[in-house]
Amino acid sequence: MRLIFVLFLFISLSGASQWKTYTLNVKGDTLNRVDVTGMKQGPWVISVPDLRGERGYEEEGYFENDFKEGIWKRFSLEGVKIAEENYRWGKLNGKQQYFTYNGGLMREESWRAIDPANPFDTVAVYDLKDPSKVLDYVVVKNEGLAMKHGRWTYYDAREGTVEATEFYVMNKLQTDDGGMIGDDDIRPLSVSSGRTAATDTVTVKKTVKPQAVLDFEKKNSGKKKVKVRDGNTSGYKPEPVP
């Protein structure tokens with residue numbers, strides 16, 4: 001009996017020795033593992049407390065070589081599931097679901113992660129009216145980010161009914177005629193009416209500057225421009241007060 005206990009203790013110590021840090025849950029399972037190289041590995045539970053009016057949450061899932069991998073679930077501090085996300089290479093990939101703090105489904109998103117080993121990714125563009133028909137192929141450069149790709153559905157969280165649907169192809173909103181609209185060309189989506197609002201269209205109207213503005217720009221075109229903060233604090237140094 002003593003030999004069995006010593007053997008079990010040896011196995012436990014041997015298994016724990018491969019982790020730089022870790023925690024144990026009530027069942028004795030190792031969580032929040034960091035290996036000897038400093039990378040997160042295996043099952044993790046991340047707790048975020050309430051802060052400055054923002055509600056806290058807990059999320060659980062798996063890390064693989066310091067990247068989120070597979071299904072991650074997020075819960076309110078009261079235990080209600082508020083999100084279920086899928087990851088690949090540490091980026092959103094596939095179907096994502098987001099819920100209210102009462103458990104009602106708000107929206108479903110679809111994302112595509114690109115393999116870090118590939119400099120480019122190629123995807124087919126399908127006809128929205130005939131999904132078996134390929135309209136074109138899109139080649140996208142890998143910039144290390146996940147892209148909106150596939151169906152996005154917005155729900156009435158109380159009724160469970162669909163309010164609006166969008167289709168994306170690598171961050172481009174697809175129109176019924178197979179065209180693509182970039183994020184910079186569309187206005188915010190209105191989901192209150194259950195259909196695309198009149199404001200959800202491509203902005204094609206060119207802004208005409210008043211003559212007074214044109215005269216001012218012409219008069220001051222050769223003068224030194226004054227640098228204005230744009231909200232980016234990176235590298236910002238306040239100018240000395242005279």
# chains A, B, ... in the order shown; residues from 1 in each chain; ligands from 1
call {"tool": "select_by_dssp", "arguments": {"residues": "segment 18-182 of chain A", "states": "strand (DSSP E or B)", "output": "count of residues only"}}
result
101
call {"tool": "residues_around", "arguments": {"residues": "segment 128-139 of chain A", "least_positions_apart": "6", "cutoff": "9 Å", "atoms": "only C-alpha atoms", "output": "JSON, numbers by chain"}}
result
{"A": [120, 121, 122, 167, 169, 170, 174, 175, 176, 177, 178]}
call {"tool": "closest_residue", "arguments": {"among": "A:Arg158, A:Lys91, A:Lys20, A:Arg33", "to": "Met106 of chain A", "atoms": "only C-alpha atoms"}}
result
A:Arg158
call {"tool": "residues_around", "arguments": {"residues": "Phe63 of chain A", "least_positions_apart": "2", "cutoff": "6 Å", "atoms": "only C-alpha atoms", "output": "JSON, numbers by chain"}}
result
{"A": [40, 41, 42, 66, 67, 68, 69]}
call {"tool": "write_last_selection", "arguments": {"atoms": "N, CA and C atoms", "output": "PDB file, in the first residue's frame"}}
result
ATOM      1  N   LYS A  40       1.084  29.663 -22.080  1.00  0.00           N
ATOM      2  CA  LYS A  40      -0.136  29.101 -21.496  1.00  0.00           C
ATOM      3  C   LYS A  40      -0.480  27.808 -22.232  1.00  0.00           C
ATOM      4  N   GLN A  41      -0.867  26.789 -21.469  1.00  0.00           N
ATOM      5  CA  GLN A  41      -1.196  25.485 -22.040  1.00  0.00           C
ATOM      6  C   GLN A  41      -2.384  24.874 -21.304  1.00  0.00           C
ATOM      7  N   GLY A  42      -3.246  24.171 -22.065  1.00  0.00           N
ATOM      8  CA  GLY A  42      -4.310  23.396 -21.456  1.00  0.00           C
ATOM      9  C   GLY A  42      -5.480  24.225 -20.960  1.00  0.00           C
ATOM     10  N   ASP A  66       0.169  29.261 -25.961  1.00  0.00           N
ATOM     11  CA  ASP A  66      -0.130  30.664 -25.636  1.00  0.00           C
ATOM     12  C   ASP A  66      -1.272  31.258 -26.451  1.00  0.00           C
ATOM     13  N   PHE A  67      -1.971  30.445 -27.275  1.00  0.00           N
ATOM     14  CA  PHE A  67      -3.088  30.942 -28.076  1.00  0.00           C
ATOM     15  C   PHE A  67      -4.379  30.231 -27.677  1.00  0.00           C
ATOM     16  N   LYS A  68      -5.462  30.988 -27.653  1.00  0.00           N
ATOM     17  CA  LYS A  68      -6.765  30.371 -27.419  1.00  0.00           C
ATOM     18  C   LYS A  68      -7.071  29.408 -28.560  1.00  0.00           C
ATOM     19  N   GLU A  69      -7.622  28.255 -28.201  1.00  0.00           N
ATOM     20  CA  GLU A  69      -7.901  27.239 -29.211  1.00  0.00           C
ATOM     21  C   GLU A  69      -9.212  26.539 -28.881  1.00  0.00           C
TER      22      GLU A  69
END
call {"tool": "residues_around", "arguments": {"residues": "Asn32 of chain A", "least_positions_apart": "3", "cutoff": "7 Å", "atoms": "only C-alpha atoms", "output": "ChimeraX atom specification"}}
result
/A:22-23,43-45
call {"tool": "atom_distance", "arguments": {"atom1": "atom CA of Gly38 of chain A", "atom2": "atom CA of Asp115 of chain A"}}
result
22.7 Å
call {"tool": "closest_residue", "arguments": {"among": "A:Trp72, A:Trp19, A:Tyr57, A:Tyr168", "to": "Val123 of chain A", "atoms": "only C-alpha atoms"}}
result
A:Tyr168
call {"tool": "atom_distance", "arguments": {"atom1": "atom CA of Gly179 of chain A", "atom2": "atom CA of Tyr126 of chain A"}}
result
10.9 Å
call {"tool": "closest_residue", "arguments": {"among": "A:Gly79, A:Ala117, A:Ala124, A:Asp50", "to": "Gly103 of chain A", "atoms": "only C-alpha atoms"}}
result
A:Gly79
call {"tool": "atom_distance", "arguments": {"atom1": "atom CA of Asn102 of chain A", "atom2": "atom CA of Asn86 of chain A"}}
result
21.7 Å
call {"tool": "residues_around", "arguments": {"residues": "Arg74 of chain A", "least_positions_apart": "3", "cutoff": "12 Å", "atoms": "only C-alpha atoms", "output": "count of residues only"}}
result
29
call {"tool": "closest_residue", "arguments": {"among": "A:Thr21, A:Thr161, A:Lys141, A:Asn171", "to": "Trp111 of chain A", "atoms": "only C-alpha atoms"}}
result
A:Asn171
call {"tool": "decode", "arguments": {"residues": "segment 115-147 of chain A", "atoms": "N, CA and C atoms", "output": "mmCIF file, in the first residue's frame"}}
result
data_model
loop_
_atom_site.group_PDB
_atom_site.id
_atom_site.type_symbol
_atom_site.label_atom_id
_atom_site.label_comp_id
_atom_site.auth_asym_id
_atom_site.auth_seq_id
_atom_site.Cartn_x
_atom_site.Cartn_y
_atom_site.Cartn_z
ATOM 1 N N ASP A 115 -4.389 30.758 -41.397
ATOM 2 C CA ASP A 115 -3.219 30.046 -40.881
ATOM 3 C C ASP A 115 -1.998 30.967 -40.926
ATOM 4 N N PRO A 116 -1.344 31.186 -39.779
ATOM 5 C CA PRO A 116 -0.169 32.081 -39.757
ATOM 6 C C PRO A 116 0.926 31.660 -40.728
ATOM 7 N N ALA A 117 0.939 30.376 -41.101
ATOM 8 C CA ALA A 117 1.977 29.885 -42.020
ATOM 9 C C ALA A 117 1.711 30.286 -43.461
ATOM 10 N N ASN A 118 0.483 30.745 -43.767
ATOM 11 C CA ASN A 118 0.126 31.110 -45.137
ATOM 12 C C ASN A 118 0.093 32.623 -45.302
ATOM 13 N N PRO A 119 0.817 33.170 -46.260
ATOM 14 C CA PRO A 119 0.807 34.624 -46.459
ATOM 15 C C PRO A 119 -0.489 35.139 -47.067
ATOM 16 N N PHE A 120 -1.242 34.250 -47.743
ATOM 17 C CA PHE A 120 -2.503 34.650 -48.370
ATOM 18 C C PHE A 120 -3.555 33.563 -48.140
ATOM 19 N N ASP A 121 -4.827 33.959 -48.288
ATOM 20 C CA ASP A 121 -5.923 33.003 -48.199
ATOM 21 C C ASP A 121 -6.872 33.271 -49.367
ATOM 22 N N THR A 122 -7.415 32.216 -49.938
ATOM 23 C CA THR A 122 -8.335 32.332 -51.073
ATOM 24 C C THR A 122 -9.682 31.707 -50.710
ATOM 25 N N VAL A 123 -10.759 32.447 -50.939
ATOM 26 C CA VAL A 123 -12.096 31.942 -50.626
ATOM 27 C C VAL A 123 -13.016 32.179 -51.808
ATOM 28 N N ALA A 124 -14.030 31.347 -51.908
ATOM 29 C CA ALA A 124 -15.024 31.480 -52.979
ATOM 30 C C ALA A 124 -16.141 32.418 -52.545
ATOM 31 N N VAL A 125 -16.681 33.154 -53.503
ATOM 32 C CA VAL A 125 -17.839 34.012 -53.270
ATOM 33 C C VAL A 125 -19.042 33.332 -53.898
ATOM 34 N N TYR A 126 -20.035 32.980 -53.076
ATOM 35 C CA TYR A 126 -21.202 32.250 -53.561
ATOM 36 C C TYR A 126 -22.385 33.190 -53.789
ATOM 37 N N ASP A 127 -23.245 32.793 -54.687
ATOM 38 C CA ASP A 127 -24.465 33.536 -54.975
ATOM 39 C C ASP A 127 -25.419 33.367 -53.789
ATOM 40 N N LEU A 128 -25.885 34.484 -53.215
ATOM 41 C CA LEU A 128 -26.776 34.414 -52.059
ATOM 42 C C LEU A 128 -28.102 33.741 -52.403
ATOM 43 N N LYS A 129 -28.524 33.856 -53.666
ATOM 44 C CA LYS A 129 -29.787 33.251 -54.082
ATOM 45 C C LYS A 129 -29.615 31.788 -54.496
ATOM 46 N N ASP A 130 -28.392 31.425 -54.853
ATOM 47 C CA ASP A 130 -28.090 30.048 -55.253
ATOM 48 C C ASP A 130 -26.723 29.667 -54.663
ATOM 49 N N PRO A 131 -26.703 29.150 -53.424
ATOM 50 C CA PRO A 131 -25.449 28.851 -52.724
ATOM 51 C C PRO A 131 -24.536 27.865 -53.442
ATOM 52 N N SER A 132 -25.076 27.138 -54.433
ATOM 53 C CA SER A 132 -24.237 26.189 -55.173
ATOM 54 C C SER A 132 -23.451 26.864 -56.294
ATOM 55 N N LYS A 133 -23.755 28.135 -56.566
ATOM 56 C CA LYS A 133 -23.131 28.864 -57.659
ATOM 57 C C LYS A 133 -21.999 29.741 -57.139
ATOM 58 N N VAL A 134 -20.790 29.568 -57.689
ATOM 59 C CA VAL A 134 -19.637 30.373 -57.310
ATOM 60 C C VAL A 134 -19.557 31.578 -58.242
ATOM 61 N N LEU A 135 -19.586 32.787 -57.667
ATOM 62 C CA LEU A 135 -19.524 34.002 -58.466
ATOM 63 C C LEU A 135 -18.094 34.448 -58.742
ATOM 64 N N ASP A 136 -17.228 34.243 -57.759
ATOM 65 C CA ASP A 136 -15.866 34.746 -57.904
ATOM 66 C C ASP A 136 -14.998 34.149 -56.795
ATOM 67 N N TYR A 137 -13.714 34.441 -56.840
ATOM 68 C CA TYR A 137 -12.782 34.043 -55.788
ATOM 69 C C TYR A 137 -12.066 35.292 -55.273
ATOM 70 N N VAL A 138 -11.883 35.330 -53.968
ATOM 71 C CA VAL A 138 -11.237 36.479 -53.334
ATOM 72 C C VAL A 138 -9.934 36.033 -52.698
ATOM 73 N N VAL A 139 -8.856 36.762 -53.005
ATOM 74 C CA VAL A 139 -7.551 36.489 -52.406
ATOM 75 C C VAL A 139 -7.249 37.598 -51.403
ATOM 76 N N VAL A 140 -6.937 37.210 -50.167
ATOM 77 C CA VAL A 140 -6.716 38.173 -49.091
ATOM 78 C C VAL A 140 -5.340 37.958 -48.481
ATOM 79 N N LYS A 141 -4.633 39.047 -48.234
ATOM 80 C CA LYS A 141 -3.332 38.976 -47.586
ATOM 81 C C LYS A 141 -3.507 38.699 -46.098
ATOM 82 N N ASN A 142 -2.668 37.847 -45.558
ATOM 83 C CA ASN A 142 -2.729 37.503 -44.138
ATOM 84 C C ASN A 142 -2.067 38.603 -43.323
ATOM 85 N N GLU A 143 -2.878 39.343 -42.573
ATOM 86 C CA GLU A 143 -2.369 40.418 -41.735
ATOM 87 C C GLU A 143 -2.446 40.050 -40.251
ATOM 88 N N GLY A 144 -2.628 38.759 -39.965
ATOM 89 C CA GLY A 144 -2.626 38.302 -38.584
ATOM 90 C C GLY A 144 -3.919 38.547 -37.840
ATOM 91 N N LEU A 145 -4.989 38.865 -38.549
ATOM 92 C CA LEU A 145 -6.276 39.154 -37.915
ATOM 93 C C LEU A 145 -7.353 38.234 -38.453
ATOM 94 N N ALA A 146 -8.354 37.957 -37.621
ATOM 95 C CA ALA A 146 -9.522 37.229 -38.092
ATOM 96 C C ALA A 146 -10.392 38.177 -38.915
ATOM 97 N N MET A 147 -11.148 37.616 -39.853
ATOM 98 C CA MET A 147 -11.994 38.438 -40.714
ATOM 99 C C MET A 147 -13.448 37.986 -40.649
#
